[in-house]
Each structure stands twice: as structure tokens, then as C-alpha cells.
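Undergrad: Next comes protein_1.tsv, TSV, C-alpha atoms:
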chain	number	residue	atom	x	y	z
A	1	MET	CA	86.38	78.31	76.03
A	2	GLU	CA	84.93	79.90	72.92
A	3	LYS	CA	85.87	78.73	69.49
A	4	ASN	CA	88.77	80.35	67.71
A	5	GLU	CA	86.87	83.09	66.00
A	6	LYS	CA	88.95	86.00	64.99
A	7	LYS	CA	87.33	89.22	66.11
A	8	LEU	CA	88.51	92.58	64.82
A	9	THR	CA	88.90	95.25	67.46
A	10	ASN	CA	86.59	98.19	66.97
A	11	PHE	CA	88.69	101.20	67.94
A	12	ASP	CA	85.67	103.52	67.77
A	13	SER	CA	83.82	101.62	70.48
A	14	GLU	CA	83.04	102.85	74.00
A	15	GLU	CA	85.97	100.84	75.40
A	16	TRP	CA	88.48	102.83	73.40
A	17	ARG	CA	87.25	106.29	74.40
A	18	VAL	CA	90.11	108.25	75.96
A	19	GLY	CA	89.41	110.49	78.97
A	20	PRO	CA	91.74	112.54	81.19
A	21	LYS	CA	92.35	109.54	83.47
A	22	ALA	CA	93.85	107.65	80.55
A	23	PHE	CA	96.38	110.40	79.78
A	24	ILE	CA	97.35	110.75	83.44
A	25	SER	CA	97.93	107.02	83.72
A	26	LEU	CA	99.99	107.04	80.51
A	27	ALA	CA	102.13	109.85	81.95
A	28	ALA	CA	102.48	107.87	85.19
A	29	ALA	CA	103.48	104.77	83.23
A	30	ILE	CA	106.16	106.67	81.32
A	31	LEU	CA	107.58	108.21	84.50
A	32	PHE	CA	107.41	104.87	86.33
A	33	PHE	CA	109.12	102.74	83.72
A	34	SER	CA	111.58	105.24	82.20
A	35	GLY	CA	113.90	105.52	85.19
A	36	ILE	CA	113.62	109.33	85.22
A	37	MET	CA	112.45	109.27	88.84
A	38	THR	CA	115.84	108.14	90.12
A	39	GLY	CA	117.71	110.96	88.41
A	40	PHE	CA	117.10	113.83	90.82
A	41	ASP	CA	119.92	114.52	93.28
A	42	GLY	CA	118.80	115.00	96.88
A	43	MET	CA	115.28	113.73	96.13
A	44	LYS	CA	115.79	110.06	96.76
A	45	TRP	CA	112.15	109.67	97.84
A	46	LEU	CA	111.08	110.09	94.21
A	47	SER	CA	112.56	106.67	93.51
A	48	ALA	CA	109.55	105.25	95.41
A	49	PHE	CA	107.81	105.73	92.04
A	50	ASP	CA	110.47	104.05	89.95
A	51	PHE	CA	110.08	100.58	88.51
A	52	SER	CA	113.68	99.45	88.76
A	53	THR	CA	113.89	100.61	92.39
A	54	LEU	CA	110.78	98.69	93.41
A	55	ILE	CA	112.02	95.49	91.78
A	56	GLY	CA	114.46	95.57	94.67
A	57	LYS	CA	117.14	92.95	94.96
A	58	PHE	CA	117.57	89.32	95.87
A	59	GLY	CA	119.14	88.62	99.21
A	60	THR	CA	122.68	87.30	99.12
A	61	VAL	CA	124.03	84.22	100.83
A	62	LYS	CA	126.53	85.66	103.24
A	63	THR	CA	126.87	83.04	105.93
A	64	LEU	CA	127.34	79.56	104.58
A	65	GLY	CA	125.55	77.00	106.65
A	66	LYS	CA	123.16	79.61	108.00
A	67	ASP	CA	121.53	81.45	105.09
A	68	THR	CA	118.92	79.63	103.03
A	69	PHE	CA	118.32	80.24	99.33
A	70	VAL	CA	116.39	83.36	100.40
A	71	GLY	CA	119.66	84.96	101.52
A	72	THR	CA	119.77	88.08	103.68
A	73	GLY	CA	119.03	91.67	102.78
A	74	GLY	CA	116.53	91.01	99.99
A	75	LEU	CA	114.35	94.01	99.11
A	76	GLY	CA	111.26	94.95	97.11
A	77	ALA	CA	109.56	92.61	94.65
A	78	ARG	CA	112.54	90.29	94.35
A	79	GLY	CA	113.00	90.05	98.11
A	80	GLY	CA	109.27	89.38	98.58
A	81	PHE	CA	109.21	86.73	95.86
A	82	MET	CA	112.04	84.68	97.36
A	83	PHE	CA	110.60	85.01	100.84
A	84	ALA	CA	107.18	83.89	99.60
A	85	LEU	CA	108.72	80.88	97.84
A	86	SER	CA	110.32	79.84	101.12
A	87	LEU	CA	106.81	79.60	102.64
A	88	VAL	CA	105.36	77.35	99.93
A	89	PRO	CA	106.38	73.98	101.49
A	90	SER	CA	104.72	74.75	104.84
A	91	VAL	CA	101.42	75.55	103.12
A	92	MET	CA	101.62	72.40	100.98
A	93	LEU	CA	102.42	70.19	103.97
A	94	ALA	CA	99.66	71.76	106.08
A	95	ILE	CA	96.94	71.41	103.45
A	96	GLY	CA	98.12	67.89	102.57
A	97	CYS	CA	97.92	66.78	106.21
A	98	LEU	CA	94.61	68.52	106.72
A	99	GLU	CA	93.19	66.75	103.67
A	100	VAL	CA	94.11	63.38	105.20
A	101	LEU	CA	92.91	64.30	108.69
A	102	SER	CA	89.61	65.68	107.47
A	103	HIS	CA	89.14	62.56	105.36
A	104	TYR	CA	89.04	60.68	108.68
A	105	GLY	CA	86.69	63.25	110.23
A	106	ALA	CA	88.95	65.64	112.18
A	107	ILE	CA	87.00	68.72	111.12
A	108	LYS	CA	83.69	67.17	112.15
A	109	ALA	CA	85.12	66.34	115.58
A	110	ALA	CA	86.50	69.86	116.01
A	111	HIS	CA	83.11	71.19	115.01
A	112	LYS	CA	81.34	69.14	117.67
A	113	LEU	CA	83.80	70.02	120.44
A	114	LEU	CA	84.37	73.69	119.73
A	115	THR	CA	80.97	74.96	118.58
A	116	PRO	CA	79.73	75.54	122.16
A	117	LEU	CA	82.79	77.76	122.74
A	118	LEU	CA	83.16	79.55	119.41
A	119	ARG	CA	79.47	80.17	118.60
A	120	PRO	CA	78.72	82.39	121.60
A	121	LEU	CA	82.12	84.14	121.63
A	122	LEU	CA	82.74	84.79	117.95
A	123	GLY	CA	79.57	83.65	116.18
A	124	VAL	CA	81.51	81.12	114.09
A	125	PRO	CA	81.05	77.34	113.81
A	126	GLY	CA	83.37	75.00	115.71
A	127	LEU	CA	84.90	73.60	112.55
A	128	THR	CA	86.93	76.83	112.29
A	129	GLY	CA	88.68	75.76	115.50
A	130	LEU	CA	91.28	73.76	113.58
A	131	ALA	CA	92.21	76.83	111.50
A	132	LEU	CA	92.45	78.92	114.67
A	133	ILE	CA	94.64	76.39	116.48
A	134	THR	CA	96.86	76.07	113.41
A	135	ASP	CA	97.25	79.84	113.27
A	136	LEU	CA	98.86	79.81	116.70
A	137	GLN	CA	101.71	77.80	115.19
A	138	SER	CA	101.84	78.95	111.59
A	139	THR	CA	100.24	82.01	110.04
A	140	ASP	CA	100.48	80.65	106.50
A	141	ALA	CA	99.05	77.23	107.24
A	142	GLY	CA	96.20	78.80	109.25
A	143	ALA	CA	95.38	81.16	106.40
A	144	ALA	CA	95.40	78.34	103.86
A	145	LEU	CA	93.09	76.21	106.03
A	146	THR	CA	90.72	79.15	106.36
A	147	LYS	CA	90.57	79.56	102.60
A	148	GLU	CA	89.84	75.84	102.27
A	149	LEU	CA	86.89	76.14	104.68
A	150	TYR	CA	85.45	79.00	102.67
A	151	ASP	CA	86.04	77.31	99.31
A	152	GLN	CA	84.16	74.25	100.55
A	153	ASP	CA	81.23	76.47	101.61
A	154	LEU	CA	81.64	75.50	105.25
A	155	ILE	CA	81.76	79.13	106.41
A	156	THR	CA	80.21	82.39	105.19
A	157	LYS	CA	81.97	85.62	104.18
A	158	LYS	CA	81.16	87.13	107.55
A	159	GLU	CA	82.54	84.17	109.47
A	160	LEU	CA	85.62	84.27	107.24
A	161	THR	CA	86.17	87.92	108.14
A	162	ILE	CA	85.74	87.27	111.87
A	163	ILE	CA	88.17	84.39	112.04
A	164	GLY	CA	90.49	86.37	109.75
A	165	SER	CA	90.58	89.10	112.36
A	166	TRP	CA	91.23	86.57	115.15
A	167	GLN	CA	94.20	85.27	113.19
A	168	TYR	CA	95.47	88.66	112.02
A	169	SER	CA	96.28	90.20	115.39
A	170	GLY	CA	99.05	88.15	116.96
A	171	ALA	CA	99.34	85.75	114.03
A	172	GLY	CA	101.49	82.68	114.59
A	173	LEU	CA	101.48	83.65	118.27
A	174	ILE	CA	103.20	80.66	119.89
A	175	ASN	CA	105.93	80.43	117.30
A	176	ASN	CA	106.55	84.15	117.01
A	177	TYR	CA	106.48	84.85	120.73
A	178	PHE	CA	108.95	82.14	121.62
A	179	ALA	CA	111.13	82.41	118.50
A	180	ILE	CA	111.30	86.18	118.07
A	181	GLY	CA	110.23	87.54	121.46
A	182	SER	CA	112.75	85.37	123.29
A	183	ALA	CA	115.44	87.94	122.40
A	184	LEU	CA	113.83	90.21	124.99
A	185	PHE	CA	112.73	87.68	127.62
A	186	SER	CA	115.64	88.61	129.88
A	187	TYR	CA	114.22	92.13	130.24
A	188	LEU	CA	110.72	91.06	131.27
A	189	THR	CA	109.69	92.10	134.79
A	190	VAL	CA	106.71	89.70	134.75
A	191	PRO	CA	106.48	85.92	134.19
A	192	LEU	CA	106.80	84.90	130.53
A	193	LEU	CA	103.23	83.71	130.38
A	194	VAL	CA	101.66	87.04	131.37
A	195	PRO	CA	102.17	88.83	128.04
A	196	PHE	CA	101.37	85.59	126.22
A	197	LEU	CA	98.02	85.09	127.92
A	198	LEU	CA	97.18	88.76	127.55
A	199	MET	CA	97.80	88.54	123.80
A	200	PHE	CA	95.75	85.36	123.57
A	201	VAL	CA	92.82	87.05	125.29
A	202	PHE	CA	93.15	90.07	123.02
A	203	LYS	CA	92.88	87.88	119.93
A	204	PHE	CA	89.33	87.15	121.08
A	205	VAL	CA	88.69	90.77	122.08
A	206	GLY	CA	89.72	92.01	118.63
A	207	ALA	CA	87.62	89.40	116.84
A	208	MET	CA	84.61	90.22	119.02
A	209	PHE	CA	85.08	93.89	118.16
A	210	VAL	CA	85.13	93.04	114.45
A	211	ARG	CA	82.05	90.84	114.87
A	212	PHE	CA	80.26	93.72	116.57
A	213	VAL	CA	81.15	96.18	113.79
A	214	LEU	CA	80.12	93.70	111.08
A	215	ASN	CA	76.79	93.20	112.84
A	216	THR	CA	76.11	96.93	113.13
A	217	VAL	CA	77.94	99.17	110.64
A	218	TYR	CA	78.14	96.59	107.84
A	219	LYS	CA	74.83	94.87	108.62
A	220	GLU	CA	73.51	95.40	105.10
A	221	ASP	CA	76.42	93.51	103.51
A	222	PHE	CA	75.41	90.21	105.09
A	223	LYS	CA	71.65	90.36	104.64
A	224	ASN	CA	71.67	87.35	102.33
A	225	GLU	CA	73.90	85.07	104.38
B	226	MET	CA	91.34	70.16	84.48
B	227	SER	CA	92.70	66.62	84.51
B	228	ASN	CA	93.69	67.20	88.15
B	229	GLY	CA	90.07	67.69	89.11
B	230	VAL	CA	89.06	64.43	87.44
B	231	GLN	CA	91.82	62.54	89.20
B	232	ALA	CA	90.66	63.95	92.52
B	233	LYS	CA	87.21	62.45	92.07
B	234	ASN	CA	88.37	58.98	91.12
B	235	VAL	CA	90.75	58.64	94.04
B	236	SER	CA	90.47	55.76	96.46
B	237	GLY	CA	90.68	56.14	100.21
B	238	ASN	CA	94.46	55.79	100.14
B	239	PRO	CA	95.87	58.38	102.58
B	240	PHE	CA	98.97	58.96	100.43
B	241	ASP	CA	96.80	59.86	97.44
B	242	ILE	CA	94.68	62.12	99.63
B	243	PHE	CA	97.78	63.84	100.95
B	244	VAL	CA	99.03	64.54	97.44
B	245	ILE	CA	95.67	66.05	96.47
B	246	GLY	CA	95.87	68.33	99.51
B	247	ALA	CA	99.49	69.25	98.86
B	248	ARG	CA	98.53	70.18	95.30
B	249	LYS	CA	95.77	72.42	96.63
B	250	GLY	CA	98.33	73.94	98.99
B	251	PHE	CA	100.68	74.58	96.08
B	252	ASN	CA	97.94	76.38	94.16
B	253	ILE	CA	97.02	78.51	97.15
B	254	ALA	CA	100.68	79.36	97.76
B	255	ILE	CA	101.43	80.26	94.15
B	256	ASN	CA	98.16	82.07	93.38
B	257	ASN	CA	97.58	83.85	96.70
B	258	LEU	CA	100.71	83.87	98.82
B	259	VAL	CA	103.36	84.85	96.28
B	260	PRO	CA	101.53	87.76	94.58
B	261	ASN	CA	100.33	89.18	97.90
B	262	ILE	CA	103.72	89.06	99.59
B	263	LEU	CA	105.35	90.56	96.52
B	264	MET	CA	102.92	93.47	96.78
B	265	ALA	CA	103.52	93.87	100.52
B	266	TYR	CA	107.28	94.03	99.98
B	267	ALA	CA	106.89	96.64	97.23
B	268	VAL	CA	104.64	98.74	99.49
B	269	ALA	CA	107.14	98.44	102.34
B	270	GLU	CA	109.85	99.70	100.00
B	271	ILE	CA	107.68	102.68	98.97
B	272	LEU	CA	106.91	103.60	102.60
B	273	ASN	CA	110.59	103.32	103.41
B	274	LEU	CA	111.68	105.54	100.51
B	275	LEU	CA	109.01	108.15	101.20
B	276	GLY	CA	110.02	108.36	104.86
B	277	VAL	CA	106.43	107.80	106.00
B	278	MET	CA	107.53	105.98	109.14
B	279	SER	CA	109.86	108.71	110.39
B	280	PHE	CA	107.16	111.31	109.73
B	281	LEU	CA	104.61	109.35	111.80
B	282	GLY	CA	107.26	108.92	114.51
B	283	ASN	CA	107.57	112.68	114.90
B	284	VAL	CA	103.81	113.13	115.01
B	285	PHE	CA	102.94	110.36	117.45
B	286	GLY	CA	106.06	110.35	119.65
B	287	PRO	CA	104.52	112.51	122.43
B	288	ALA	CA	101.51	110.15	122.72
B	289	MET	CA	103.80	107.42	124.08
B	290	THR	CA	103.55	108.90	127.59
B	291	LEU	CA	99.99	107.50	127.67
B	292	PHE	CA	101.54	104.04	127.91
B	293	GLY	CA	104.34	104.99	130.28
B	294	LEU	CA	106.88	104.95	127.44
B	295	PRO	CA	109.47	107.49	126.26
B	296	GLY	CA	108.82	109.25	122.93
B	297	GLU	CA	111.58	107.26	121.18
B	298	ALA	CA	109.56	104.07	121.70
B	299	VAL	CA	107.25	105.16	118.91
B	300	THR	CA	109.76	103.94	116.31
B	301	VAL	CA	109.56	100.48	117.88
B	302	VAL	CA	105.76	100.52	117.68
B	303	LEU	CA	105.75	101.70	114.05
B	304	THR	CA	108.39	99.15	113.07
B	305	ALA	CA	106.26	96.42	114.66
B	306	TRP	CA	103.59	97.23	112.09
B	307	LEU	CA	106.05	96.32	109.32
B	308	SER	CA	107.81	93.41	111.00
B	309	SER	CA	107.77	91.81	114.46
B	310	SER	CA	111.35	90.64	114.28
B	311	ALA	CA	112.66	94.01	113.11
B	312	SER	CA	110.93	95.79	115.99
B	313	VAL	CA	112.18	93.26	118.56
B	314	GLY	CA	115.68	93.77	117.17
B	315	LEU	CA	115.29	97.53	117.38
B	316	ALA	CA	113.98	97.34	120.95
B	317	ALA	CA	116.87	95.07	121.98
B	318	ASN	CA	119.26	97.57	120.49
B	319	MET	CA	117.61	100.50	122.30
B	320	ALA	CA	117.59	98.56	125.57
B	321	ALA	CA	121.30	97.82	125.20
B	322	ASN	CA	121.92	101.54	124.67
B	323	GLY	CA	119.87	102.44	127.73
B	324	MET	CA	117.13	104.22	125.75
B	325	LEU	CA	114.54	101.71	127.01
B	326	ASP	CA	114.58	99.96	130.40
B	327	SER	CA	113.16	96.59	131.33
B	328	ARG	CA	109.87	98.18	132.40
B	329	HIS	CA	109.46	99.70	128.94
B	330	ILE	CA	110.25	96.40	127.25
B	331	THR	CA	107.66	94.66	129.41
B	332	ILE	CA	105.00	97.18	128.38
B	333	LEU	CA	105.94	96.90	124.71
B	334	MET	CA	106.02	93.08	124.62
B	335	PRO	CA	102.37	92.41	123.61
B	336	CYS	CA	102.54	95.19	121.02
B	337	PHE	CA	105.30	93.46	119.01
B	338	PHE	CA	102.93	90.65	118.16
B	339	LEU	CA	99.40	92.05	118.41
B	340	LEU	CA	100.40	94.78	115.97
B	341	GLY	CA	103.08	92.57	114.52
B	342	ALA	CA	103.92	92.53	110.84
B	343	GLN	CA	100.47	93.73	109.74
B	344	LEU	CA	101.80	94.82	106.36
B	345	GLN	CA	103.34	91.42	105.67
B	346	TYR	CA	100.39	89.47	107.08
B	347	MET	CA	98.07	91.42	104.79
B	348	GLY	CA	99.58	89.26	102.08
B	349	ARG	CA	100.35	86.13	104.04
B	350	LEU	CA	97.05	85.94	105.88
B	351	LEU	CA	94.26	88.21	104.62
B	352	GLY	CA	95.25	87.77	100.98
B	353	VAL	CA	95.65	84.01	101.24
B	354	ALA	CA	92.41	83.48	103.16
B	355	ASP	CA	90.62	85.82	100.70
B	356	VAL	CA	89.14	88.05	103.38
B	357	PRO	CA	87.24	90.74	101.40
B	358	LYS	CA	89.52	93.80	100.97
B	359	LYS	CA	86.67	96.04	102.09
B	360	TYR	CA	87.17	94.90	105.69
B	361	TRP	CA	90.97	95.00	105.81
B	362	PRO	CA	91.04	98.52	107.34
B	363	LEU	CA	88.63	97.32	110.03
B	364	LEU	CA	90.88	94.36	110.83
B	365	MET	CA	93.90	96.66	111.02
B	366	LEU	CA	92.04	98.98	113.33
B	367	ALA	CA	91.11	96.04	115.55
B	368	SER	CA	94.76	94.97	115.74
B	369	LEU	CA	95.88	98.50	116.55
B	370	LEU	CA	93.27	98.78	119.32
B	371	ASN	CA	94.36	95.38	120.62
B	372	ALA	CA	97.98	96.51	120.82
B	373	LEU	CA	97.19	99.86	122.44
B	374	CYS	CA	94.82	98.37	125.04
B	375	ALA	CA	97.31	95.61	125.84
B	376	MET	CA	100.05	98.21	126.44
B	377	ILE	CA	97.74	100.19	128.72
B	378	ILE	CA	96.96	97.05	130.72
B	379	MET	CA	100.63	96.11	130.96
B	380	ASN	CA	101.44	99.63	132.14
B	381	LEU	CA	98.69	99.77	134.76
B	382	PHE	CA	98.72	96.27	136.20
B	383	PHE	CA	101.90	94.39	135.44
B	384	ALA	CA	104.97	96.45	134.64
What is this file in C-alpha cells?
TA:
Amino acid sequence: MEKNEKKLTNFDSEEWRVGPKAFISLAAAILFFSGIMTGFDGMKWLSAFDFSTLIGKFGTVKTLGKDTFVGTGGLGARGGFMFALSLVPSVMLAIGCLEVLSHYGAIKAAHKLLTPLLRPLLGVPGLTGLALITDLQSTDAGAALTKELYDQDLITKKELTIIGSWQYSGAGLINNYFAIGSALFSYLTVPLLVPFLLMFVFKFVGAMFVRFVLNTVYKEDFKNE
Amino acid sequence: MSNGVQAKNVSGNPFDIFVIGARKGFNIAINNLVPNILMAYAVAEILNLLGVMSFLGNVFGPAMTLFGLPGEAVTVVLTAWLSSSASVGLAANMAANGMLDSRHITILMPCFFLLGAQLQYMGRLLGVADVPKKYWPLLMLASLLNALCAMIIMNLFFA
């Protein structure tokens, strides 16, 4: 931190020059925050550009013993905030456990075992295997582990993007398929495992596609890695 | 900053190590997860108010025949992009009303998850893991291709 010097703002400087963009954004700010955009009858879509509409609402606890503090029917920023808060403990628990397990060498072991599989298929080191396996159970924990790997300089930007794509399509696969998909299992005309295995294979297909594009179209971006 | 100093002086006690990790997890959750999900929910609200999804439904409905699905199934596919559970709920509803049969559900099954909740997972996954935003469209394209190819395979070989 710098010392507490008091600097006077120079309003004639380059920073304070006002172009057309500035006036447009001021107009947008006034429209957005003033509440005008909700006032037109029959043009409800305009409220998509209204601040108080996008704040949304908190969910309400309707069913005691079933609803959590998140409630049901939350919308917009408020709905998203409560939902996000409900995910915080799983990320904390996952990173806490990973910290302990990697202290005893779990990541090194994963690296040794999985490199022969993951290097040729996805071009990523085996130590990402733990993040990939975690993603099958929990999207949030998998994402947090991935960030940890990158922050510790264990993987490059390109490897981060490739394993990000593996996780992104069919995230939290085991949990989601059996928790959410089970509502439709009675309709399936094939064994349960067929769609599951197909999705698992496609996670690799998608990541290999991304790897290919990164190696060709975006080749220049990764010259220094 | 004092947290960082503590982290260096710590002994090999697994409970201490856990707490350091949990603290890291808290920071990731608060700094990455919460702002990104908040944004995703606001965007979902905008798309909803602007009627973007129903517009796309009208445009892409006819293309559903490629996968052996009726035109109405397009709403299920588009909803999957916003939320897996919402699209499964919608499909269950349509199946109960006879708009989709068990063959259609079987074809759609991989799509619910391969395309599932991309908007939300932008925040929960790509935002948290700090995947560079430049490549997000590529990752979305890959997921979309995954879902479409999986539906074609289900249609041709399994359903």
C-alpha cells in the first residue's frame, strides 16, 4: 500500500474526457436505475433492463421440514445469491479434505497412476485426475479443486481449459443423473447404464475436441506455455 | 495477510491442515462462486423476460426431426441449457400429457446432462475454476455438439 498522500483529481486529464460512449452509458444508467422501464403496459420485456426487476426475490419457505433457507421460487440476483450461499459448505469441505489428502501425497499418487491415461487422451497431467473424479460427484468441488491446481502452478492455462471443458459438459454426472434423471428412468427403453456410459464417453470426446481447437485455431495463445 | 503467515508456520496436524483448506474453499466460494452465480441468475432472468427461449423454440423446432423427436421437444432441449432439473421436470410433464413417448425420452436423456445447466455452470464451474472467458464460447459449443451427437447416437442405435 502507498502512503496516505492526498492527491487532487485533475478533471482536465485524459481520464476525464467525455466521449459519446460516456453519454450513452449515463443514459443507460438512468433508465436502468430509475424504474421507468417497468412502466410501459404490454411491454413487460422492457423490465429486463430494470434494476429492481433484476434484483429478483428471495425464495420463500413454503414446506416446513422440506425447504432449506434457500426457499423455493427465488429469482434474479437475490435468488442466485441464496443459492450460491447454499453451495459454500460443499466447497469448503472439499478443499479442506483435499488439503489433508494432498498433504499425505494423494495428488502425487493420482499423477503417477493417471498420467498414462490422461496424457495421450487429453494432453493433461495425471494429477488433474482427482479434480475430474470429483467433478463426477460435485460440480462445485471439482471446479474448486481445478482452481487450486492452477493457483499452485501445477497446470497451465491450456490444461485448465481442457479439463474445464471435460467438467463442463455433463458436470456432476453421477449425482445429477441419478438424482435428477431418475424422475424419467421409468420411461427408458434401454438399460440405465447406456445413457450414462454414452455421456461419460462424450465428456472425453468434447474435451478432445476442445484440445484440438486449442492446438490449431488458438495455437498462438499458448506459444509461451 | 495474517492468514498467510499462519499457513506457513503450521505443523503437520491434519486438523490444522483441514482448516487451512476450508479457509481457501471459503475464499473461492465467496470470491468466485457467489458473484458468478449471481450474474448467471440475472442473465437467466433477462433471457426469460425478453422471451429469447420461446423465440429460439420457434426457429429450431423443425430441426428436431433430425433426432427423431417432435418439434415440441425443442423447449425441453432449450430448457436443459438453463437447468437440468427444470428440463427433466418439463419432459416428465410432457410425457404424462402424451406429447413425448418413452422413445423420445430415451433419446433426450443424454441431452439433459451433456447440455445441462450450461448457464448456471458458467458461474459454478468456469467462473470458479477461472477458465479464461475467451474460451467459454468454445466450451459451450463443445457441450452443444456433445448433446446433439449423443441424441443422434441414441436415435440410431439404442432407442
Undergrad: For a test of reading the model, state the distance in Å between atom CA of Ala320 of chain B and atom CA of Ile332 of chain B, rounded to one decimal.
TA: 13.0 Å
Undergrad: Could I get the residues of chain A with an atom no further than 7 Å from an atom of chain B, each paired with its nearest atom pair and that distance in Å to one decimal, using only C-alpha atoms, sorted by chain and residue number, as a tab-separated table?
TA:
residue	atom	partner	partner_atom	distance
A:Trp45	CA	B:Leu275	CA	4.8
A:Ala48	CA	B:Ile271	CA	4.8
A:Leu54	CA	B:Ala267	CA	5.8
A:Gly76	CA	B:Ala267	CA	4.7
A:Ala77	CA	B:Leu263	CA	5.0
A:Gly80	CA	B:Leu263	CA	4.6
A:Phe81	CA	B:Leu263	CA	5.5
A:Ala84	CA	B:Val259	CA	5.2
A:Leu85	CA	B:Val259	CA	6.9
A:Val88	CA	B:Ala254	CA	5.5
A:Val91	CA	B:Gly250	CA	5.4
A:Met92	CA	B:Gly250	CA	4.1
A:Leu93	CA	B:Ala247	CA	6.0
A:Ile95	CA	B:Gly246	CA	5.1
A:Gly96	CA	B:Gly246	CA	3.8
A:Cys97	CA	B:Phe243	CA	6.0
A:Glu99	CA	B:Gly246	CA	5.2
A:Val100	CA	B:Phe243	CA	5.6
A:Thr139	CA	B:Leu350	CA	6.6
A:Asp140	CA	B:Arg349	CA	6.0
A:Ala143	CA	B:Ala354	CA	5.0
A:Ala144	CA	B:Ala354	CA	6.0
A:Thr146	CA	B:Ala354	CA	5.6
A:Lys147	CA	B:Ala354	CA	4.4
A:Leu160	CA	B:Val356	CA	6.4
A:Thr161	CA	B:Val356	CA	5.6
A:Gly164	CA	B:Leu351	CA	6.6
A:Ser165	CA	B:Leu364	CA	5.5
A:Tyr168	CA	B:Leu350	CA	6.9
A:Ser169	CA	B:Leu339	CA	4.7
A:Gly170	CA	B:Leu339	CA	4.2
A:Ile180	CA	B:Ser310	CA	5.9
A:Gly181	CA	B:Val313	CA	6.7
A:Leu184	CA	B:Ala317	CA	6.5
A:Tyr187	CA	B:Ser327	CA	4.7
A:Leu188	CA	B:Thr331	CA	5.1
A:Thr189	CA	B:Thr331	CA	6.3
A:Val190	CA	B:Phe383	CA	6.8
A:Pro195	CA	B:Pro335	CA	5.7
A:Met199	CA	B:Pro335	CA	6.0
A:Phe202	CA	B:Asn371	CA	6.0
A:Gly206	CA	B:Ala367	CA	5.3
A:Phe209	CA	B:Ala367	CA	6.9
A:Val210	CA	B:Ala367	CA	6.8
Undergrad: Quick check, in Å to one decimal: how far apart do atom CA of His111 of chain A and atom CA of Gln167 of chain A lie?
TA: 18.0 Å
Undergrad: Rounded to one decimal, what separation in Å do you get between atom CA of Ala27 of chain A and atom CA of Lys359 of chain B?
TA: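 Straight-line distance from atom CA of Ala27 of chain A to atom CA of Lys359 of chain B works out to 28.9 Å.
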Undergrad: Just the residues within 12 Å of Asn215 of chain A, please, counting all atoms listed in the file, with nothing from its chain fewer than 5 positions along; format it as a list of chain:residue names.
TA: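 Here the qualifying residues turn out to be A:Leu122, A:Gly123, A:Lys158, A:Glu159, A:Thr161, A:Ile162, A:Met208, A:Phe209, A:Val210, A:Glu220, A:Asp221, A:Phe222, A:Lys223.
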Undergrad: Those selected residues, please, written with C-alpha atoms and delivered as a PDB file, in the frame of the given file.
TA:
ATOM      1  CA  LEU A 122      82.740  84.790 117.950  1.00  0.00           C
ATOM      2  CA  GLY A 123      79.570  83.650 116.180  1.00  0.00           C
ATOM      3  CA  LYS A 158      81.160  87.130 107.550  1.00  0.00           C
ATOM      4  CA  GLU A 159      82.540  84.170 109.470  1.00  0.00           C
ATOM      5  CA  THR A 161      86.170  87.920 108.140  1.00  0.00           C
ATOM      6  CA  ILE A 162      85.740  87.270 111.870  1.00  0.00           C
ATOM      7  CA  MET A 208      84.610  90.220 119.020  1.00  0.00           C
ATOM      8  CA  PHE A 209      85.080  93.890 118.160  1.00  0.00           C
ATOM      9  CA  VAL A 210      85.130  93.040 114.450  1.00  0.00           C
ATOM     10  CA  GLU A 220      73.510  95.400 105.100  1.00  0.00           C
ATOM     11  CA  ASP A 221      76.420  93.510 103.510  1.00  0.00           C
ATOM     12  CA  PHE A 222      75.410  90.210 105.090  1.00  0.00           C
ATOM     13  CA  LYS A 223      71.650  90.360 104.640  1.00  0.00           C
TER      14      LYS A 223
END
